[in-house]
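K.L.:
The structure's right below; bear with me while I get my questions together.
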Amino acid sequence: MKHNRKIMSFLAPVTLITLIIIIWQAACTLLHVSEHILPSPSAIAVAFKNDFAGSILPDTFVSLRIMMSGYLIAIPLGFIIAALASQSRFITRMILPVLIILMMIPMATLVPELKLFLGVKPSLKILVIILQTAPVIAVNSLSGFTHVPQNKVDLMKGLGCGKPETFFRVVLPNALPQIFTGLKLGCILCMIAATAADMSVGQGGLGYRIARSATFSATSTAFAAIIVAAVIGVAFYMLVSLVESIVIKWKQ
Amino acid sequence: MNHVCDNFLQVSHIAKSFTKKKCSLEVLHDINFSVREKEFVCIMGPSGCGKSTLAGIIEGIDHPDKGSIFLGGEKIPEKTTKKVQKRCGIVFQQSNLLEWKTTYKNVELPLSVFHMGNGIDRNRAVSGALELVGLLEFKDCWPHELSGGMQQRAAIARALVSNPDFLILDQPFGALDAITRKMLNVELLRIWHETQKTCIMITNNVNEALYVSSRILFMSGSPSSIVNEVEVPFTYEEKTAGIELNPAYLQLRSELNHFVRSINKL
């Protein structure tokens, strides 16, 4: 039974995706759609094969590097902001609206402004990713840190624990599910921010490849790069989910 | 040294008010009582009379406006420390287990907080406490996998594991069904008999109070004080051998029920 369910949960989405590809291919062939307007899946596959070594692979590496740098800086940053802000209700009230505003601003739109200060550098893209992901990680962690059930706080008080010990023994583990919500939202925003930053900064990356290919009507290459970006995003999300299921053992 | 201390735990002139929307509400008004060593005292009172507030003060979680608590003749300082809290085992209203720890790790928590024992010693203490409450074979379960009654047993094991001087239970079985509650009362009485711990239990159930305790204190409605005190004159052996049919027990129970109804009307 359990084995069957596993096969089902894999087969169900694969069936739909296969169906979409077949309909897409059939529509492109039967309706004679121009390859420059909407390339068929087979044209995309050909473009992927031709451009993989030359442009898509190097651009993937560029994207992965800036995404990882940005995300790995954003995690501790968001975390420290949340941990410090949660120490006082006044600071929480003060900082939460600012974090929410930062979370809502599409950071790539600030690239022209940031260029004025920093010039065009790879670190500019990393900065965009940090600005986009750190707030969502901080907001979710902060919400976890500030919503601790009173009876658990009382339990620690009853054991004579001070604030720092209570934080590490109760507040932090209690917040872990919400922290992981933040980390998962963060990895979605990280992919979006990285692609958008590539588009407006240039200097390689999948977003740059998509924008450039579209400019030169190499639509099938653009689609190939979009699909690679999507696959990276999904893999990234699944990786974080996997870590979540290892860390949060008690919720299965 | 078989000397039993008469004033083992002394609650002296405790008063507490809460301020809500600019009006001050006096909840506890001059609460005085003392508990003998190895005694089991129940505290009853109408709902909202401040029973849990009083429990919080004795537990060291809350601070009184006036008055103090003495333990073994020593005044408990206002600033709570691990050294002071180690003397008091607490069983909360809900089991209050940490859901990210297994039953074993939950019971181990006080030992880890107080840096007590290590390795084999600690394992022996935790296993002993789990065995006492009959949960040893469930030690690797997560709290959500335990029934409500089992969760409360684990909470009792956690309160006992660090070998505190006294135990305070704040309506520990209030959320359980009647049958489980009755069974846990039997267990609790046995644990008290085996461990010889001084126990204070807050309850709202006359049957429960009569069955487990050796003395019952009654609080009036707020601002509350102790208005009555009843000795329960039955031995452990009498209680475990079908006390429900004992005429003296039935007589006392009906008197107490009558009294509880009368203070609830005030």
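All residue names refer to the structure tokens as shown: chains lettered A, B, ... in order, residues numbered from 1 in each chain, ligands numbered from 1 in order.
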I want to know what sits within 8 Å of B:Ser213, based on only C-alpha atoms, with residues of the same chain fewer than 6 positions away left out; could you give that as a ChimeraX atom specification?

P.N.:
/B:39-42,232

K.L.:
Skipping near chain neighbours, those fewer than 3 positions away, what residues fall within 9 Å of A:Pro106 using only C-alpha atoms, listed as a list in words?

P.N.:
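Neighbouring residues, sequence-local ones excluded: Leu102, Met103, Thr109, Leu110, Gln132, Ala193 and Ala196 of chain A.
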
K.L.:
Output C-alpha atoms for every residue in the selection just made, as a short mmCIF file (atom, residue, chain, number, x, y, z; two decimals), in the first residue's frame.

P.N.:
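Result file follows (again_19.cif):
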data_model
loop_
_atom_site.label_atom_id
_atom_site.label_comp_id
_atom_site.auth_asym_id
_atom_site.auth_seq_id
_atom_site.Cartn_x
_atom_site.Cartn_y
_atom_site.Cartn_z
CA LEU A 102 11.44 45.19 2.18
CA MET A 103 9.94 41.75 1.52
CA THR A 109 13.76 47.26 -9.66
CA LEU A 110 16.31 48.97 -7.42
CA GLN A 132 15.08 40.07 -1.22
CA ALA A 193 15.60 37.76 -7.50
CA ALA A 196 15.67 39.44 -12.33
#

K.L.:
Excluding stretch 189-199 of chain B and any residue of its chain fewer than 3 positions from it, enumerate the residues within 9 Å of it, using only C-alpha atoms, and give them as a PyMOL selection string.

P.N.:
chain B and resi 8-9+35-42+132-133+163-169+184-186+211-213+236+240

K.L.:
Can I get the selected residues back with C-alpha atoms, as a compact mmCIF listing (two decimals), in the first residue's frame?

P.N.:
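The new file out_0.txt reads:
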# COMPACT_ATOMS: atom_id res chain seq x y z
CA PHE B 8 7.83 22.11 55.97
CA LEU B 9 6.24 24.47 53.48
CA VAL B 35 2.11 21.84 54.87
CA ARG B 36 3.74 19.07 56.86
CA GLU B 37 6.55 17.04 55.38
CA LYS B 38 5.27 14.03 53.39
CA GLU B 39 1.72 15.36 53.57
CA PHE B 40 -0.64 15.46 50.59
CA VAL B 41 -2.68 18.66 50.65
CA CYS B 42 -5.40 19.54 48.18
CA LEU B 132 7.31 4.67 38.32
CA VAL B 133 4.60 6.13 36.07
CA ASN B 163 14.09 14.34 43.22
CA PRO B 164 12.60 17.67 44.38
CA ASP B 165 11.60 18.38 48.00
CA PHE B 166 7.96 18.82 47.13
CA LEU B 167 5.58 18.44 44.24
CA ILE B 168 2.95 20.94 43.17
CA LEU B 169 0.21 19.85 40.79
CA LEU B 184 -4.53 8.53 37.40
CA ASN B 185 -5.74 9.38 40.90
CA VAL B 186 -5.03 5.78 41.90
CA TYR B 211 -9.17 10.16 47.44
CA VAL B 212 -5.61 11.45 47.11
CA SER B 213 -5.13 13.93 49.92
CA TYR B 236 -3.48 4.59 52.38
CA THR B 240 -6.82 1.43 48.16

K.L.:
Provide as a list in words the residues of chain B at most 8 Å from chain A, counting only C-alpha atoms.

P.N.:
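Residues passing the distance filter: Glu59, Gly60, Ile61, Thr80, Thr81, Lys82, Lys83, Val84, Gln85, Lys86, Ile90, Asn96, Leu98, Glu99, Trp100, Lys101, Pro110, Val113 and Trp142 of chain B.
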
K.L.:
Between atom CA of A:Ile56 and atom CA of A:Phe223, what is the spacing in Å?

P.N.:
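Spanning atom CA of A:Phe223 to atom CA of A:Ile56 is a straight-line distance of 11.1 Å.
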
K.L.:
Using only C-alpha atoms, pick whichever of B:Asn207, B:Ser222, B:Gln93, B:Asn257 has the shortest atom-to-atom distance to B:Leu176.

P.N.:
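The shortest atom-to-atom distance to B:Leu176 comes from B:Gln93.
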
K.L.:
From the set A:Leu84, A:Ile226, A:Ile129, A:Leu99, which residue has the shortest atom-to-atom contact distance to A:Arg209, counting only C-alpha atoms?

P.N.:
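For A:Arg209, the nearest of the candidates is A:Ile226.
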
K.L.:
Compile the contact shell of stretch 13-29 of chain A as a ChimeraX atom specification: residues with an atom at most 9 Å away, counting only C-alpha atoms, same-chain residues fewer than 4 positions apart removed.

P.N.:
/A:8-9,33-35,38-42

K.L.:
Counting only C-alpha atoms, which residue out of B:Leu160, B:Met201, B:Val260, B:Ile226 sits closest to B:Ile14?

P.N.:
B:Ile226

K.L.:
Quick one, how far is atom CA of B:Asn205 from atom CA of B:Gly174?

P.N.:
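Computed distance, atom CA of B:Asn205 to atom CA of B:Gly174, equals 8.8 Å.
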
K.L.:
What lies within 8 Å of B:Val27 using only C-alpha atoms, ignoring chain neighbours under 2 positions off, as a PyMOL selection string?

P.N.:
chain B and resi 15-18+25+29+49-50+222-224

K.L.:
Give me, as a PyMOL selection string, all polymer residues having an atom no more than 10 Å from A:Ala85, counting only C-alpha atoms and skipping those fewer than 6 positions away in the same chain.

P.N.:
chain A and resi 79+91-96+138+142+145-146

K.L.:
Only C-alpha atoms, please: the residues just picked out, written as a short mmCIF file (atom, residue, chain, number, x, y, z; two decimals), in the first residue's frame.

P.N.:
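Now in selection13.cif:
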data_model
loop_
_atom_site.label_atom_id
_atom_site.label_comp_id
_atom_site.auth_asym_id
_atom_site.auth_seq_id
_atom_site.Cartn_x
_atom_site.Cartn_y
_atom_site.Cartn_z
CA PHE A 79 18.16 34.93 11.64
CA ILE A 91 11.94 46.54 18.71
CA THR A 92 9.69 43.84 17.23
CA ARG A 93 6.93 46.41 16.62
CA MET A 94 9.47 48.85 15.19
CA ILE A 95 11.22 46.50 12.79
CA LEU A 96 8.41 44.23 11.57
CA ALA A 138 13.61 37.31 9.27
CA LEU A 142 10.59 36.52 14.14
CA PHE A 145 10.35 33.57 18.10
CA THR A 146 7.58 35.83 19.37
#

K.L.:
Mind checking which residues fall within 10 Å of B:His13, counting only C-alpha atoms, ignoring those fewer than 5 positions away in the same chain, and posting them as a PyMOL selection string?

P.N.:
chain B and resi 28-33+64-69+225

K.L.:
If you run DSSP on the backbone here, which positions in stretch 4-240 of chain A get alpha helix (DSSP H)? Please write them as a VMD selection string.

P.N.:
chain A and resid 4 to 30 41 to 51 57 to 85 89 to 104 111 to 118 122 to 146 150 to 158 163 to 166 172 to 201 206 to 215 219 to 240
